[in-house]
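Colleague: Here you go, model.cif (mmCIF, C-alpha atoms and all ligand atoms; chains and numbers go by the auth columns):
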data_start
loop_
_atom_site.group_PDB
_atom_site.id
_atom_site.type_symbol
_atom_site.label_atom_id
_atom_site.label_comp_id
_atom_site.label_asym_id
_atom_site.label_seq_id
_atom_site.Cartn_x
_atom_site.Cartn_y
_atom_site.Cartn_z
_atom_site.B_iso_or_equiv
_atom_site.auth_seq_id
_atom_site.auth_asym_id
ATOM 1 C CA MET A 1 0.000 0.000 0.000 0.00 364 A
ATOM 2 C CA GLY A 2 1.437 3.365 -0.955 0.00 365 A
ATOM 3 C CA SER A 3 1.497 6.093 1.622 0.00 366 A
ATOM 4 C CA VAL A 4 0.760 9.761 1.248 0.00 367 A
ATOM 5 C CA PHE A 5 4.272 10.929 1.934 0.00 368 A
ATOM 6 C CA SER A 6 6.209 8.031 0.490 0.00 369 A
ATOM 7 C CA GLY A 7 9.356 9.035 -1.289 0.00 370 A
ATOM 8 C CA ARG A 8 9.394 12.372 0.414 0.00 371 A
ATOM 9 C CA THR A 9 12.874 13.681 0.959 0.00 372 A
ATOM 10 C CA GLY A 10 14.286 15.436 3.975 0.00 373 A
ATOM 11 C CA PRO A 11 15.078 19.120 4.358 0.00 374 A
ATOM 12 C CA ARG A 12 18.551 18.711 2.912 0.00 375 A
ATOM 13 C CA GLY A 13 17.456 16.338 0.180 0.00 376 A
ATOM 14 C CA GLY A 14 17.894 12.600 0.252 0.00 377 A
ATOM 15 C CA LYS A 15 16.417 10.260 2.803 0.00 378 A
ATOM 16 C CA THR A 16 16.441 11.616 6.320 0.00 379 A
ATOM 17 C CA ALA A 17 17.567 9.402 9.146 0.00 380 A
ATOM 18 C CA VAL A 18 14.911 8.910 11.795 0.00 381 A
ATOM 19 C CA GLU A 19 17.394 9.612 14.566 0.00 382 A
ATOM 20 C CA SER A 20 17.894 13.214 13.510 0.00 383 A
ATOM 21 C CA LEU A 21 14.220 14.168 13.399 0.00 384 A
ATOM 22 C CA LEU A 22 11.862 15.883 15.740 0.00 385 A
ATOM 23 C CA LYS A 23 9.624 13.308 17.265 0.00 386 A
ATOM 24 C CA VAL A 24 6.802 13.045 19.720 0.00 387 A
ATOM 25 C CA GLN A 25 6.324 9.880 21.756 0.00 388 A
ATOM 26 C CA ILE A 26 3.082 8.804 23.356 0.00 389 A
ATOM 27 C CA ASN A 27 4.779 8.236 26.710 0.00 390 A
ATOM 28 C CA GLN A 28 7.264 11.090 26.547 0.00 391 A
ATOM 29 C CA THR A 29 5.906 12.820 29.632 0.00 392 A
ATOM 30 C CA ARG A 30 6.825 9.800 31.724 0.00 393 A
ATOM 31 C CA LYS A 31 10.366 9.790 30.450 0.00 394 A
ATOM 32 C CA ALA A 32 13.157 12.247 30.992 0.00 395 A
ATOM 33 C CA PRO A 33 12.191 15.577 29.406 0.00 396 A
ATOM 34 C CA GLY A 34 13.385 15.843 25.827 0.00 397 A
ATOM 35 C CA SER A 35 15.416 18.679 24.423 0.00 398 A
ATOM 36 C CA PRO A 36 13.799 22.133 24.561 0.00 399 A
ATOM 37 C CA ALA A 37 13.234 21.855 20.819 0.00 400 A
ATOM 38 C CA ALA A 38 11.012 18.769 21.157 0.00 401 A
ATOM 39 C CA PRO A 39 7.349 19.105 20.156 0.00 402 A
ATOM 40 C CA ARG A 40 4.917 19.625 23.009 0.00 403 A
ATOM 41 C CA LEU A 41 2.366 16.955 23.804 0.00 404 A
ATOM 42 C CA VAL A 42 -0.812 17.699 25.729 0.00 405 A
ATOM 43 C CA PHE A 43 -3.738 15.339 26.169 0.00 406 A
ATOM 44 C CA ASP A 44 -6.885 17.401 25.572 0.00 407 A
ATOM 45 C CA ALA A 45 -9.220 14.539 26.354 0.00 408 A
ATOM 46 C CA ALA A 46 -8.938 10.790 26.842 0.00 409 A
ATOM 47 C CA ASP A 47 -8.792 10.223 23.121 0.00 410 A
ATOM 48 C CA VAL A 48 -7.306 13.417 21.723 0.00 411 A
ATOM 49 C CA ALA A 49 -3.800 14.763 22.022 0.00 412 A
ATOM 50 C CA GLU A 50 -2.569 18.128 20.869 0.00 413 A
ATOM 51 C CA VAL A 51 0.947 18.185 19.502 0.00 414 A
ATOM 52 C CA SER A 52 2.509 21.561 18.912 0.00 415 A
ATOM 53 C CA TYR A 53 5.836 22.713 17.649 0.00 416 A
ATOM 54 C CA GLY A 54 6.399 26.427 17.252 0.00 417 A
ATOM 55 C CA PRO A 55 3.471 27.765 15.210 0.00 418 A
ATOM 56 C CA LEU A 56 2.478 24.250 14.097 0.00 419 A
ATOM 57 C CA ARG A 57 -0.362 22.448 15.814 0.00 420 A
ATOM 58 C CA TRP A 58 -1.987 19.077 15.236 0.00 421 A
ATOM 59 C CA HIS A 59 -4.800 17.168 16.892 0.00 422 A
ATOM 60 C CA VAL A 60 -4.108 13.481 17.041 0.00 423 A
ATOM 61 C CA HIS A 61 -6.545 10.732 17.899 0.00 424 A
ATOM 62 C CA VAL A 62 -5.354 8.552 20.765 0.00 425 A
ATOM 63 C CA ASP A 63 -6.239 4.866 20.986 0.00 426 A
ATOM 64 C CA GLU A 64 -6.082 2.827 24.125 0.00 427 A
ATOM 65 C CA THR A 65 -5.548 -0.909 24.238 0.00 428 A
ATOM 66 C CA GLU A 66 -5.423 -3.376 27.093 0.00 429 A
ATOM 67 C CA PRO A 67 -2.520 -5.733 26.589 0.00 430 A
ATOM 68 C CA HIS A 68 -2.889 -9.323 27.792 0.00 431 A
ATOM 69 C CA PHE A 69 -0.286 -8.735 30.478 0.00 432 A
ATOM 70 C CA GLY A 70 -2.478 -6.051 32.022 0.00 433 A
ATOM 71 C CA GLY A 71 -2.371 -2.303 32.290 0.00 434 A
ATOM 72 C CA ARG A 72 -3.207 0.072 29.509 0.00 435 A
ATOM 73 C CA ARG A 73 -1.314 1.150 26.505 0.00 436 A
ATOM 74 C CA ARG A 74 -1.863 4.355 24.574 0.00 437 A
ATOM 75 C CA TRP A 75 -1.174 4.915 20.911 0.00 438 A
ATOM 76 C CA PHE A 76 -1.264 7.784 18.467 0.00 439 A
ATOM 77 C CA ALA A 77 -3.370 7.190 15.396 0.00 440 A
ATOM 78 C CA CYS A 78 -1.029 8.401 12.646 0.00 441 A
ATOM 79 C CA LEU A 79 -2.583 11.439 10.935 0.00 442 A
ATOM 80 C CA ALA A 80 -1.819 9.962 7.519 0.00 443 A
ATOM 81 C CA CYS A 81 -2.523 6.224 7.807 0.00 444 A
ATOM 82 C CA SER A 82 -4.472 5.976 11.098 0.00 445 A
ATOM 83 C CA CYS A 83 -2.257 3.084 12.203 0.00 446 A
ATOM 84 C CA ARG A 84 -1.394 2.814 15.887 0.00 447 A
ATOM 85 C CA ARG A 85 2.007 4.287 16.554 0.00 448 A
ATOM 86 C CA THR A 86 4.000 5.109 19.652 0.00 449 A
ATOM 87 C CA THR A 87 6.093 7.710 17.850 0.00 450 A
ATOM 88 C CA LEU A 88 5.252 10.369 15.280 0.00 451 A
ATOM 89 C CA TYR A 89 7.726 12.577 13.470 0.00 452 A
ATOM 90 C CA VAL A 90 7.659 16.183 12.314 0.00 453 A
ATOM 91 C CA VAL A 91 8.856 16.752 8.771 0.00 454 A
ATOM 92 C CA GLY A 92 8.134 20.161 7.278 0.00 455 A
ATOM 93 C CA ASP A 93 4.581 20.876 8.448 0.00 456 A
ATOM 94 C CA ALA A 94 3.574 17.202 8.504 0.00 457 A
ATOM 95 C CA LEU A 95 3.182 15.024 11.561 0.00 458 A
ATOM 96 C CA ALA A 96 3.058 11.343 10.686 0.00 459 A
ATOM 97 C CA CYS A 97 4.607 7.975 11.342 0.00 460 A
ATOM 98 C CA ARG A 98 7.954 6.716 10.131 0.00 461 A
ATOM 99 C CA VAL A 99 6.393 4.565 7.433 0.00 462 A
ATOM 100 C CA CYS A 100 4.215 7.338 6.003 0.00 463 A
ATOM 101 C CA LEU A 101 7.142 9.743 5.954 0.00 464 A
ATOM 102 C CA GLY A 102 9.318 7.221 4.152 0.00 465 A
ATOM 103 C CA LEU A 103 11.933 7.403 6.883 0.00 466 A
ATOM 104 C CA ARG A 104 14.568 4.854 7.611 0.00 467 A
ATOM 105 C CA TYR A 105 17.242 4.415 10.192 0.00 468 A
ATOM 106 C CA ALA A 106 20.622 5.858 9.252 0.00 469 A
ATOM 107 C CA SER A 107 22.385 3.476 6.908 0.00 470 A
ATOM 108 C CA GLN A 108 25.568 4.344 8.715 0.00 471 A
ATOM 109 C CA HIS A 109 23.991 2.770 11.766 0.00 472 A
ATOM 110 C CA GLU A 110 23.350 -0.442 9.857 0.00 473 A
ATOM 111 C CA THR A 111 26.874 -0.461 8.536 0.00 474 A
ATOM 112 C CA GLU A 112 28.205 -0.125 12.051 0.00 475 A
ATOM 113 C CA ARG A 113 25.991 -3.036 13.162 0.00 476 A
ATOM 114 C CA ASP A 114 27.163 -5.157 10.210 0.00 477 A
ATOM 115 C CA ARG A 115 30.743 -4.383 11.109 0.00 478 A
ATOM 116 C CA LEU A 116 30.200 -5.543 14.700 0.00 479 A
ATOM 117 C CA PHE A 117 28.596 -8.779 13.480 0.00 480 A
ATOM 118 C CA ARG A 118 31.432 -9.410 11.058 0.00 481 A
ATOM 119 C CA ARG A 119 34.054 -8.953 13.748 0.00 482 A
ATOM 120 C CA ALA A 120 32.147 -11.209 16.148 0.00 483 A
ATOM 121 C CA HIS A 121 31.795 -13.953 13.538 0.00 484 A
ATOM 122 C CA LYS A 122 35.496 -13.744 12.763 0.00 485 A
ATOM 123 C CA LEU A 123 36.385 -14.149 16.430 0.00 486 A
ATOM 124 C CA ARG A 124 34.000 -17.111 16.771 0.00 487 A
ATOM 125 C CA ASP A 125 35.672 -18.710 13.766 0.00 488 A
ATOM 126 C CA ARG A 126 39.100 -18.302 15.350 0.00 489 A
ATOM 127 C CA LEU A 127 37.780 -19.857 18.548 0.00 490 A
ATOM 128 C CA GLY A 128 36.182 -22.642 16.551 0.00 491 A
ATOM 129 C CA TRP A 129 32.784 -21.818 18.014 0.00 492 A
ATOM 130 C CA SER A 130 29.831 -22.510 15.774 0.00 493 A
ATOM 131 C CA GLY A 131 26.740 -20.379 15.384 0.00 494 A
ATOM 132 C CA GLY A 132 26.189 -16.653 15.749 0.00 495 A
ATOM 133 C CA VAL A 133 26.531 -14.098 18.514 0.00 496 A
ATOM 134 C CA ALA A 134 23.467 -15.329 20.392 0.00 497 A
ATOM 135 C CA ASP A 135 24.763 -18.897 20.525 0.00 498 A
ATOM 136 C CA GLU A 136 26.552 -20.635 23.381 0.00 499 A
ATOM 137 C CA ARG A 137 30.188 -20.033 24.104 0.00 500 A
ATOM 138 C CA GLY A 138 32.467 -22.913 23.297 0.00 501 A
ATOM 139 C CA GLY A 139 35.565 -23.925 25.188 0.00 502 A
ATOM 140 C CA ARG A 140 39.234 -23.292 24.507 0.00 503 A
ATOM 141 C CA PRO A 141 40.248 -24.986 21.287 0.00 504 A
ATOM 142 C CA GLY A 142 43.002 -27.552 21.660 0.00 505 A
ATOM 143 C CA GLY A 143 46.375 -26.045 20.803 0.00 506 A
ATOM 144 C CA MET A 144 45.315 -22.453 21.527 0.00 507 A
ATOM 145 C CA HIS A 145 47.394 -20.706 24.129 0.00 508 A
ATOM 146 C CA GLU A 146 45.515 -19.812 27.323 0.00 509 A
ATOM 147 C CA MET A 147 46.417 -16.125 26.951 0.00 510 A
ATOM 148 C CA THR A 148 45.199 -16.024 23.359 0.00 511 A
ATOM 149 C CA TYR A 149 41.970 -17.746 24.330 0.00 512 A
ATOM 150 C CA CYS A 150 41.458 -15.287 27.165 0.00 513 A
ATOM 151 C CA ARG A 151 41.996 -12.273 24.921 0.00 514 A
ATOM 152 C CA LEU A 152 39.802 -13.534 22.076 0.00 515 A
ATOM 153 C CA SER A 153 36.917 -14.595 24.291 0.00 516 A
ATOM 154 C CA ARG A 154 37.046 -11.311 26.185 0.00 517 A
ATOM 155 C CA ASN A 155 36.968 -9.329 22.923 0.00 518 A
ATOM 156 C CA LEU A 156 34.071 -11.439 21.733 0.00 519 A
ATOM 157 C CA ALA A 157 32.161 -10.880 24.973 0.00 520 A
ATOM 158 C CA SER A 158 32.451 -7.110 24.679 0.00 521 A
ATOM 159 C CA LEU A 159 31.489 -7.197 20.979 0.00 522 A
ATOM 160 C CA THR A 160 28.475 -9.354 21.796 0.00 523 A
ATOM 161 C CA ALA A 161 27.389 -6.933 24.515 0.00 524 A
ATOM 162 C CA LYS A 162 27.622 -4.028 22.035 0.00 525 A
ATOM 163 C CA ILE A 163 25.602 -5.901 19.424 0.00 526 A
ATOM 164 C CA LEU A 164 22.892 -6.833 21.900 0.00 527 A
ATOM 165 C CA SER A 165 22.526 -3.314 23.244 0.00 528 A
ATOM 166 C CA ASP A 166 22.439 -1.980 19.686 0.00 529 A
ATOM 167 C CA LEU A 167 19.676 -4.428 18.788 0.00 530 A
ATOM 168 C CA GLU A 168 17.787 -3.507 21.933 0.00 531 A
ATOM 169 C CA ASP A 169 17.841 0.170 20.895 0.00 532 A
ATOM 170 C CA TRP A 170 16.681 -0.822 17.457 0.00 533 A
ATOM 171 C CA VAL A 171 13.775 -2.867 18.798 0.00 534 A
ATOM 172 C CA GLU A 172 12.740 -0.037 21.107 0.00 535 A
ATOM 173 C CA GLY A 173 12.850 2.416 18.227 0.00 536 A
ATOM 174 C CA ALA A 174 10.800 0.243 15.917 0.00 537 A
ATOM 175 C CA GLU A 175 7.175 1.107 16.284 0.00 538 A
ATOM 176 C CA ARG A 176 4.903 -1.762 16.969 0.00 539 A
ATOM 177 C CA THR A 177 1.307 -2.092 16.033 0.00 540 A
ATOM 178 C CA PHE A 178 -1.170 -4.737 17.004 0.00 541 A
HETATM 179 ZN ZN ZN B . 1.340 6.572 9.124 0.00 1 B
#
Produce structure tokens that represent the structure in this file.
Modeller:
Amino acid sequence: MGSVFSGRTGPRGGKTAVESLLKVQINQTRKAPGSPAAPRLVFDAADVAEVSYGPLRWHVHVDETEPHFGGRRRWFACLACSCRRTTLYVVGDALACRVCLGLRYASQHETERDRLFRRAHKLRDRLGWSGGVADERGGRPGGMHEMTYCRLSRNLASLTAKILSDLEDWVEGAERTF
């Protein structure tokens, strides 16, 4: 399905990375206050939020769901596609979701992640451990010096930690709908 803003380019031309944009999050009031430049979010009523940024102002429908694990969860209904979103972005005078705005995460970010994976796989190969970063550690390969094993497995552990925290950020940033 095509979206209203698909293919739209950022202020400087080319695809804009999500990370560099102004965004409003449904739960932003509960988190640490954003930068002074962040859009303002006020809930006018149970199901309407007003988002404002400078002279710009939008009224966004708010949906509430009750997850199986209890509690309540609030969502913005994207102004363009009406899908449930936890985060909306400001581009020009539009407020919409990442998908509608044709945004993607910085490719540099992906390259960095790929690089980490490559290095981790290389270390696992040297250690003779099968599988990927989420797989079990193996033991010290026969013939490998204790010091070498120690250094390689320590490097791998810190790489793995970086990869996992990077993926965690990515998952948190990805908007979920249900
Ligand atoms: Zn949308």
Colleague: I'd like a table as CSV: residues in chain A with an atom no more than 8 Å from ligand ZN 1 (chain B), each row giving the shortest atom pair and its distance in Å to one decimal, only C-alpha atoms and all ligand atoms counted, sorted by chain and rising residue number.
Modeller:
residue,atom,partner,partner_atom,distance
A:Ser366,CA,B:ZN1,ZN,7.5
A:Ala440,CA,B:ZN1,ZN,7.9
A:Cys441,CA,B:ZN1,ZN,4.6
A:Leu442,CA,B:ZN1,ZN,6.5
A:Ala443,CA,B:ZN1,ZN,4.9
A:Cys444,CA,B:ZN1,ZN,4.1
A:Ser445,CA,B:ZN1,ZN,6.2
A:Cys446,CA,B:ZN1,ZN,5.9
A:Arg448,CA,B:ZN1,ZN,7.8
A:Ala459,CA,B:ZN1,ZN,5.3
A:Cys460,CA,B:ZN1,ZN,4.2
A:Arg461,CA,B:ZN1,ZN,6.7
A:Val462,CA,B:ZN1,ZN,5.7
A:Cys463,CA,B:ZN1,ZN,4.3
A:Leu464,CA,B:ZN1,ZN,7.3
Colleague: Point out the residue among A:Val534, A:Ala497, A:Val411, A:Ala483 with the least atom-to-atom distance to Asn518 (chain A), counting only C-alpha atoms.
Modeller: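 For Asn518 (chain A), the nearest of the given residues is A:Ala483.
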Colleague: For the point (35.2, -8.7, 14.3) in the file's frame, write as an MDAnalysis selection string all residues with an atom no more than 12 Å away, counting all atoms listed in the file.
Modeller: chainID A and resid 475:489 496 515:516 518:523 525:526
Colleague: Could you write those residues out with C-alpha atoms, as a PDB file, keeping the file's coordinate frame?
Modeller:
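Saved result, result.pdb, follows:
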ATOM      1  CA  GLU A 475      28.205  -0.125  12.051  1.00  0.00           C
ATOM      2  CA  ARG A 476      25.991  -3.036  13.162  1.00  0.00           C
ATOM      3  CA  ASP A 477      27.163  -5.157  10.210  1.00  0.00           C
ATOM      4  CA  ARG A 478      30.743  -4.383  11.109  1.00  0.00           C
ATOM      5  CA  LEU A 479      30.200  -5.543  14.700  1.00  0.00           C
ATOM      6  CA  PHE A 480      28.596  -8.779  13.480  1.00  0.00           C
ATOM      7  CA  ARG A 481      31.432  -9.410  11.058  1.00  0.00           C
ATOM      8  CA  ARG A 482      34.054  -8.953  13.748  1.00  0.00           C
ATOM      9  CA  ALA A 483      32.147 -11.209  16.148  1.00  0.00           C
ATOM     10  CA  HIS A 484      31.795 -13.953  13.538  1.00  0.00           C
ATOM     11  CA  LYS A 485      35.496 -13.744  12.763  1.00  0.00           C
ATOM     12  CA  LEU A 486      36.385 -14.149  16.430  1.00  0.00           C
ATOM     13  CA  ARG A 487      34.000 -17.111  16.771  1.00  0.00           C
ATOM     14  CA  ASP A 488      35.672 -18.710  13.766  1.00  0.00           C
ATOM     15  CA  ARG A 489      39.100 -18.302  15.350  1.00  0.00           C
ATOM     16  CA  VAL A 496      26.531 -14.098  18.514  1.00  0.00           C
ATOM     17  CA  LEU A 515      39.802 -13.534  22.076  1.00  0.00           C
ATOM     18  CA  SER A 516      36.917 -14.595  24.291  1.00  0.00           C
ATOM     19  CA  ASN A 518      36.968  -9.329  22.923  1.00  0.00           C
ATOM     20  CA  LEU A 519      34.071 -11.439  21.733  1.00  0.00           C
ATOM     21  CA  ALA A 520      32.161 -10.880  24.973  1.00  0.00           C
ATOM     22  CA  SER A 521      32.451  -7.110  24.679  1.00  0.00           C
ATOM     23  CA  LEU A 522      31.489  -7.197  20.979  1.00  0.00           C
ATOM     24  CA  THR A 523      28.475  -9.354  21.796  1.00  0.00           C
ATOM     25  CA  LYS A 525      27.622  -4.028  22.035  1.00  0.00           C
ATOM     26  CA  ILE A 526      25.602  -5.901  19.424  1.00  0.00           C
TER      27      ILE A 526
END
Colleague: Restricting the calculation to all atoms listed in the file: of A:Arg447, A:Trp438, A:Glu429, A:Leu490, which residue gets closest to His508 (chain A)?
Modeller: A:Leu490
Colleague: Any chance you could work out the axis-aligned box around region 515-529 of chain A, listed atoms only, 8 Å on each side, giving centre and edge lengths in Å to one decimal, as AutoDock Vina command-line options?
Modeller:
--center_x 31.1 --center_y -8.3 --center_z 22.8 --size_x 33.4 --size_y 28.6 --size_z 22.8
Colleague: Quick one, how far is CA of Asp410 (chain A) from CA of Phe432 (chain A)?
Modeller: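 Going from CA of Asp410 (chain A) over to CA of Phe432 (chain A) covers 22.0 Å.
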Colleague: Could you state which residues are captured by the PyMOL selection byres (((chain A and resi 386) around 8) and not hetatm) in this file, as a list of chain:residue names?
Modeller: A:Leu384, A:Leu385, A:Val387, A:Gln388, A:Ala401, A:Pro402, A:Thr450, A:Leu451, A:Tyr452, A:Val453
Colleague: In Å, rounded to a single decimal, give me how far CA of Asp529 (chain A) is from CA of Cys513 (chain A).
Modeller: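 Between these atoms lies a distance of 24.4 Å.
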Colleague: Between CA of Glu531 (chain A) and CA of Leu404 (chain A), what is the spacing in Å?
Modeller: 25.7 Å
Colleague: Just checking: using all atoms listed in the file, which residue out of A:Arg403, A:Trp492, A:Val414, A:Leu527 ends up closest to Pro504 (chain A)?
Modeller: A:Trp492
Colleague: Dump as number ranges by chain all residues having an atom at most 12 Å from (-7.5, 12.6, 25.6), computed in the file's coordinates with all atoms listed in the file.
Modeller: A: 389, 404-414, 422-427, 437-439
Colleague: Give as a PyMOL selection string the residues that the PyMOL selection byres (((chain A and resi 456) around 10) and not hetatm) matches when applied to the coordinates above.
Modeller: chain A and resi 416+418-421+453-455+457-459
